[in-house]
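Engineer: The structure that follows is given in the form of structure tokens.
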Amino acid sequence: MAEASRTTEARRDAVFGRWVVFSPARSRRPTDLKSHNPTNPSPAAGEPRPSCPFCAGRESECAPQIFRVPPDGSLPWRIRVIENLYPALRRDLEPPPAAAPDAEEEEEPGERAVPGFGFHDVVIETPSHDVRLWDLPAEGVRDVLLAYAARVRQLAEHPAVKYVQVFKNHGASAGASMAHSHSQMLGTPFVPPSVTSRLNCMKEVFDRSGNCSLCDFRSKDILISETPNFSAIVPFAASYPFEIWIIPRQHLSYFHEIDQHKALDLGSLLKTMLQKLSKQLNDPPFNFMIHSAPFGLSSSCLPYAHWFLQIVPQLSVIGGFELGSGCYINPVFPEDAAKILRELSCST
């Protein structure tokens, strides 16, 4: 097998700027890597189902609704976007003062404390408790993606919101406090440091080569699947085993500008990738994050700012080396993970 001849190798990522050590000796065969904690097991026969305020008919137990799909209240809802009942950031606090339109924003050096203003919302992806995101038809996943984009556009209208992080936690060990399929977003009054460092790293590549880091990937060996509008890959320097990036094939900076057609294409591919991870890795806990550009980014930055969706299965524990160095150890080479996922068939 190809992986038998692999030797330890260090690779640097061209998007986050991280070094990753690939050490296949730290794992068994890539195909043997499975989650030992499958998420959200169904209750045994005769056991009561857990009480869940996200289920249809329990809407009054949730925080206020922002909007629903479909908007017609006489029809059953398929998606609800609500405020988070326990928000990390609060929309009722005083936002920081807005900078003058032409002012250069510079962070003050040193320690600083400001009120925790921001928005923290929840997207309930289905009214049914046992339906996972990838159980929905492609059109259902499309509608969830369009709900994300619609809410991000609303938050972009607020002058104090600089960035919105859309993310999904699946499984308790991945941070999900509710088993019912949902995702979240936080609108922050600052651009998170990881977003700034991502853009700086992509700028370095662009300044040196004239190319966007994500418009071209080096090898077809890391490709899992392609559609007319998106590519799904295991990145060249994946920080995590079986990590997947879904990248627009057209150079696009903002996720929230996605249209119906591209959202259906993305929904179909995202559904397939989540099915493959669930089948290959025994329904692992995972996180996915949409990495977009900050609002109001200078036009000179747009040639290297390219949005993408990152899926991270939680198969290993982050240890002292990773925490101390900012480098990662991955026991599975991206080419091997991509081959396994590429060859895995899933029902549609």
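By convention in this document, the chains of the structure tokens carry letters A, B, ... by their order, each chain's residues are numbered from 1, and ligands are numbered from 1 in the order they are shown.
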As a PyMOL selection string, list the residues of stretch 78-248 of chain A assigned to strand (DSSP E or B) by DSSP on the backbone atoms of this structure.
Structural biologist: chain A and resi 79-83+90+117+119-124+163-170+182-188+223-226+230-233+244-248
Engineer: Quick one: of A:Val123, A:Val114, A:Ala238, A:Val152, who's nearest to A:His256, counting only C-alpha atoms?
Structural biologist: A:Val152
Engineer: When you draw a straight line from atom CA of A:Ile290 to atom CA of A:Phe308, how long is it in Å?
Structural biologist: 6.0 Å
Engineer: What's the 10 Å shell around A:Lys339, counting only C-alpha atoms, without same-chain residues fewer than 5 positions away, as an NGL selection string?
Structural biologist: :A and (221-224 or 234 or 334 or 344)
Engineer: Residues within 9 Å of A:Arg18, please, as a list in words. Count only C-alpha atoms; anything in the same chain fewer than 4 positions from it doesn't count.
Structural biologist: Arg11, Arg12, Asp13, Ala14, Ala237, Ser239, Gly326, Cys327 and Tyr328 of chain A
Engineer: Could those residues be written to a file, using C-alpha atoms, as a compact mmCIF listing (two decimals), in the first residue's frame?
Structural biologist:
```txt
# COMPACT_ATOMS: atom_id res chain seq x y z
CA ARG A 11 4.79 20.62 5.71
CA ARG A 12 3.88 24.29 5.97
CA ASP A 13 0.32 25.36 5.23
CA ALA A 14 -0.11 28.29 2.80
CA ALA A 237 -0.72 20.40 5.19
CA SER A 239 -3.56 19.90 10.73
CA GLY A 326 1.40 26.04 17.44
CA CYS A 327 2.47 23.11 15.25
CA TYR A 328 0.40 19.97 14.78
```
Engineer: Among stretch 95-273 of chain A, which residues carry a DSSP assignment of alpha helix (DSSP H), reported as a PyMOL selection string?
Structural biologist: chain A and resi 138-156+193-209+260-273
Engineer: Measure the distance from atom CA of A:Asn229 to atom CA of A:Glu335 in Å and round it to one decimal.
Structural biologist: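 Between atom CA of A:Asn229 and atom CA of A:Glu335 the gap is 22.2 Å.
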Engineer: Which residues come within 8 Å of A:Ala305, counting only C-alpha atoms, excluding same-chain residues fewer than 3 positions away, as a VMD selection string?
Structural biologist: chain A and resid 199 202 212 252 to 253 292 to 293 301 to 302
Engineer: Given only C-alpha atoms as the basis, pick out the residue of A:Leu133, A:Ser299, A:Phe242, A:Gly171 nearest to A:Asn330.
Structural biologist: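 Of all the options, A:Phe242 lies closest to A:Asn330.
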Engineer: Quick one: residues within 9 Å of A:Ala179, only C-alpha atoms, excluding same-chain residues fewer than 3 positions away - as a ChimeraX atom specification?
Structural biologist: /A:39-40,52,129-130,170-172,176,182
Engineer: Next, dump the selected residues to file, keeping only N, CA, C and O atoms, as an mmCIF file, in the first residue's frame.
Structural biologist:
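This is the output file part_0.cif:
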```
data_model
loop_
_atom_site.group_PDB
_atom_site.id
_atom_site.type_symbol
_atom_site.label_atom_id
_atom_site.label_comp_id
_atom_site.auth_asym_id
_atom_site.auth_seq_id
_atom_site.Cartn_x
_atom_site.Cartn_y
_atom_site.Cartn_z
ATOM 1 N N THR A 39 -21.233 9.908 17.831
ATOM 2 C CA THR A 39 -22.057 10.974 18.400
ATOM 3 C C THR A 39 -23.535 10.656 18.309
ATOM 4 O O THR A 39 -23.989 9.943 17.414
ATOM 5 N N ASN A 40 -24.270 11.211 19.262
ATOM 6 C CA ASN A 40 -25.733 11.181 19.244
ATOM 7 C C ASN A 40 -26.321 9.794 18.984
ATOM 8 O O ASN A 40 -27.126 9.615 18.069
ATOM 9 N N CYS A 52 -36.195 18.265 24.411
ATOM 10 C CA CYS A 52 -35.416 19.118 23.513
ATOM 11 C C CYS A 52 -36.228 20.334 23.076
ATOM 12 O O CYS A 52 -37.210 20.195 22.352
ATOM 13 N N HIS A 129 -35.805 15.791 15.671
ATOM 14 C CA HIS A 129 -34.698 15.609 16.609
ATOM 15 C C HIS A 129 -33.628 14.658 16.081
ATOM 16 O O HIS A 129 -32.438 14.864 16.314
ATOM 17 N N ASP A 130 -34.019 13.608 15.374
ATOM 18 C CA ASP A 130 -33.076 12.564 14.973
ATOM 19 C C ASP A 130 -32.512 12.751 13.564
ATOM 20 O O ASP A 130 -31.787 11.889 13.076
ATOM 21 N N HIS A 170 -20.652 19.211 16.182
ATOM 22 C CA HIS A 170 -21.439 17.977 16.161
ATOM 23 C C HIS A 170 -20.834 17.017 17.175
ATOM 24 O O HIS A 170 -19.679 16.595 17.042
ATOM 25 N N GLY A 171 -21.598 16.698 18.211
ATOM 26 C CA GLY A 171 -21.094 15.812 19.253
ATOM 27 C C GLY A 171 -20.600 16.581 20.461
ATOM 28 O O GLY A 171 -20.021 17.665 20.335
ATOM 29 N N ALA A 172 -20.825 16.023 21.650
ATOM 30 C CA ALA A 172 -20.486 16.717 22.890
ATOM 31 C C ALA A 172 -19.005 17.041 22.970
ATOM 32 O O ALA A 172 -18.614 18.139 23.395
ATOM 33 N N ALA A 176 -20.815 20.540 21.199
ATOM 34 C CA ALA A 176 -22.266 20.666 21.057
ATOM 35 C C ALA A 176 -22.947 20.370 22.395
ATOM 36 O O ALA A 176 -22.761 19.299 22.966
ATOM 37 N N HIS A 182 -27.942 21.513 14.826
ATOM 38 C CA HIS A 182 -27.965 22.969 14.781
ATOM 39 C C HIS A 182 -26.558 23.483 14.509
ATOM 40 O O HIS A 182 -25.580 22.753 14.612
#
```
Engineer: Quick check, in Å to one decimal: how far apart do atom CA of A:Ile66 and atom CA of A:Pro294 lie?
Structural biologist: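 Pair atom CA of A:Ile66 / atom CA of A:Pro294 returns 22.5 Å.
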Engineer: Give the answer as one residue: which of A:Leu75, A:Ala149, A:Val161, A:Cys346 has the shortest atom-to-atom distance to A:Leu277, using only C-alpha atoms?
Structural biologist: A:Cys346
Engineer: Please identify all polymer residues within 8 Å of stretch 134-137 of chain A, counting only C-alpha atoms, omitting same-chain residues fewer than 2 positions from it, and present them as a VMD selection string.
Structural biologist: chain A and resid 131 to 132 139 to 141 268 270 to 272 274 to 275
Engineer: Using N, CA and C atoms, can you write the selected residues to a file as a PDB file, in the first residue's frame?
Structural biologist:
```pdb
ATOM      1  N   VAL A 131     -32.839  13.844  12.915  1.00  0.00           N
ATOM      2  CA  VAL A 131     -32.345  14.097  11.561  1.00  0.00           C
ATOM      3  C   VAL A 131     -31.059  14.918  11.639  1.00  0.00           C
ATOM      4  N   ARG A 132     -30.007  14.389  11.048  1.00  0.00           N
ATOM      5  CA  ARG A 132     -28.730  15.098  11.020  1.00  0.00           C
ATOM      6  C   ARG A 132     -28.652  15.936   9.745  1.00  0.00           C
ATOM      7  N   GLU A 139     -31.283  19.871  -1.256  1.00  0.00           N
ATOM      8  CA  GLU A 139     -32.029  21.143  -1.205  1.00  0.00           C
ATOM      9  C   GLU A 139     -32.199  21.627   0.225  1.00  0.00           C
ATOM     10  N   GLY A 140     -32.314  20.703   1.172  1.00  0.00           N
ATOM     11  CA  GLY A 140     -32.423  21.079   2.572  1.00  0.00           C
ATOM     12  C   GLY A 140     -31.123  21.656   3.108  1.00  0.00           C
ATOM     13  N   VAL A 141     -30.003  21.053   2.710  1.00  0.00           N
ATOM     14  CA  VAL A 141     -28.697  21.598   3.114  1.00  0.00           C
ATOM     15  C   VAL A 141     -28.494  22.966   2.465  1.00  0.00           C
ATOM     16  N   SER A 268     -24.979  19.934  -1.833  1.00  0.00           N
ATOM     17  CA  SER A 268     -24.821  18.559  -2.277  1.00  0.00           C
ATOM     18  C   SER A 268     -23.443  18.014  -1.914  1.00  0.00           C
ATOM     19  N   LEU A 270     -21.304  19.216   0.450  1.00  0.00           N
ATOM     20  CA  LEU A 270     -21.161  19.156   1.910  1.00  0.00           C
ATOM     21  C   LEU A 270     -21.864  17.925   2.459  1.00  0.00           C
ATOM     22  N   LYS A 271     -23.053  17.637   1.980  1.00  0.00           N
ATOM     23  CA  LYS A 271     -23.789  16.441   2.398  1.00  0.00           C
ATOM     24  C   LYS A 271     -22.951  15.188   2.137  1.00  0.00           C
ATOM     25  N   THR A 272     -22.375  15.094   0.941  1.00  0.00           N
ATOM     26  CA  THR A 272     -21.576  13.918   0.588  1.00  0.00           C
ATOM     27  C   THR A 272     -20.343  13.804   1.475  1.00  0.00           C
ATOM     28  N   LEU A 274     -19.884  14.943   4.541  1.00  0.00           N
ATOM     29  CA  LEU A 274     -20.263  14.555   5.905  1.00  0.00           C
ATOM     30  C   LEU A 274     -20.689  13.089   5.950  1.00  0.00           C
ATOM     31  N   GLN A 275     -21.341  12.612   4.898  1.00  0.00           N
ATOM     32  CA  GLN A 275     -21.694  11.190   4.822  1.00  0.00           C
ATOM     33  C   GLN A 275     -20.432  10.324   4.796  1.00  0.00           C
TER      34      GLN A 275
END
```
Engineer: When distances are computed from only C-alpha atoms, which of A:Ser177, A:Asp72, A:Glu257, A:Ser194 shows the smallest separation from A:Tyr148?
Structural biologist: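 Among the listed residues, the smallest separation from A:Tyr148 belongs to A:Glu257.
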